[in-house]
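What follows is a short report on a single structure.
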Amino acid sequence: MRIDIISVVPELMTSAFSHSILKRAANKGIAEVHLINLRDYATDKHKSVDDYAFGGGAGMVMMIEPIAACMDDLKSQRNYDEVIYMSPDGEMLNQSVSNQLSLKQNLIILCGHYKGVDERVREHLITREISIGNYVLSGGELAAAVLCDSVIRLIPGVLNDETSALSDSFQDNLIAPPVYTRPAAFNGWKVPEVLLSGHNANIDKWRHEQSVKRTEERRPDLLKGK
Ligand code: SAH
């Protein structure tokens, strides 16, 4: 998979993609993320990427020309499955959206900044809009990093133990069961006996029961959605 992220502050995302699982995915050649500085596509001599809003009002608006030039350049090199705009009024990100996107080959993600992008970008150049929650961020960069992380870790081969993503919360509309590691007792707080038993069938049964119990307690809405 290849993801091209267009931004006016790509530096905001460098750390997210240079460590841990996302770095490993890049090193293995499974998912490469390219951070593109929109300013490189500015069409005037001041390298402008934003301008005042028509009709007045506070806040700058990202201009269509640099965005269109950047997307044209990318699209001339390969076909893209989706051109995503990170937006607080977009479709809400969830595990099902991440699963769908993890099957794609090439994605463009546009990060807004300031007041957002000229509406014509959204009407004509974007195929999908995604929000990471009902709150407003200063820019789409952190949201794009969240989206990429949730998508890339689902691609087979990225996680060492491939079954591990499948047992995560939400994957089957259930919350993940509790996990423990050594020591088996701390301050008198003990790890559930069954986990130390070595009896795999019983452990699986216990984990499933715990998942269902947790989901009922914490997220009954997930069970209703089934
Ligand atoms: N004026 C806009 C908010 C602009 S915030 C409004 O009221 O809807 C600047 C940029 O941050 C947006 O263009 C978007 O790319 C990004 N952003 C802000 N909140 C976000 C969220 N919850 N999910 C995804 N992207 C978000």
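All residue names refer to the structure tokens as shown: chains lettered A, B, ... in order, residues numbered from 1 in each chain, ligands numbered from 1 in order.
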- Query: When the cut-off is 10 Å and you count only C-alpha atoms and all ligand atoms, which residues lie near ligand 1, shown as a PyMOL selection string?
  - Reply: chain A and resi 7+59-62+84-93+109-118+129-144+146-147
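Residues in contact with A:Ser150 at 12 Å, where only C-alpha atoms are counted and same-chain residues fewer than 5 positions away are skipped, are listed as Ile21, Leu22, Leu93, Asn94, Gln95, Ser96, Val97, Ser98, Asn99, Gln100, Leu101, Ser102, Ile132, Ala143, Ala144, Ala145, Ile155, Val158, Leu159, Ala165, Asp168, Ser169, Phe170 and Gln171 of chain A.
Of the residues under consideration (A:Glu82, A:Glu32, A:Glu119, A:Glu216), A:Glu119 shows the shortest atom-to-atom contact distance to A:Ile67 when counting only C-alpha atoms.
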If we count only C-alpha atoms and set the cut-off at 12 Å, which residues sit around A:Ala25, ignoring sequence neighbours fewer than 5 positions away in its own chain? Please answer as a short mmCIF file (atom, residue, chain, number, x, y, z; two decimals) with C-alpha atoms, in the first residue's frame.
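Listing of around_35.cif after writing:
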data_model
loop_
_atom_site.label_atom_id
_atom_site.label_comp_id
_atom_site.auth_asym_id
_atom_site.auth_seq_id
_atom_site.Cartn_x
_atom_site.Cartn_y
_atom_site.Cartn_z
CA MET A 1 0.00 0.00 0.00
CA ARG A 2 1.06 3.56 -0.67
CA PHE A 17 5.63 7.35 10.92
CA SER A 18 9.27 6.96 12.04
CA HIS A 19 8.81 4.59 14.96
CA SER A 20 7.42 1.26 16.02
CA ILE A 30 4.25 -3.25 3.05
CA ALA A 31 3.01 0.31 3.54
CA GLU A 32 4.90 3.39 2.43
CA VAL A 33 3.68 6.78 3.59
CA CYS A 148 -3.05 5.63 8.82
CA ASP A 149 -2.08 3.87 12.03
CA VAL A 151 -5.35 1.10 8.65
CA ILE A 152 -1.71 0.02 8.27
CA ARG A 153 -1.65 -2.25 11.33
CA LEU A 154 -4.42 -4.31 9.70
CA ILE A 155 -2.41 -5.17 6.59
CA PRO A 156 -1.18 -8.78 6.79
CA GLY A 157 2.51 -8.94 7.64
CA VAL A 158 2.67 -5.63 9.49
CA LEU A 159 2.10 -7.05 12.96
CA ASN A 160 4.42 -9.89 13.92
#
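Using only C-alpha atoms, the smallest distance between any of A:Gln210, A:Asn106, A:Gln77, A:Thr14 and A:Pro178 comes from A:Gln210.
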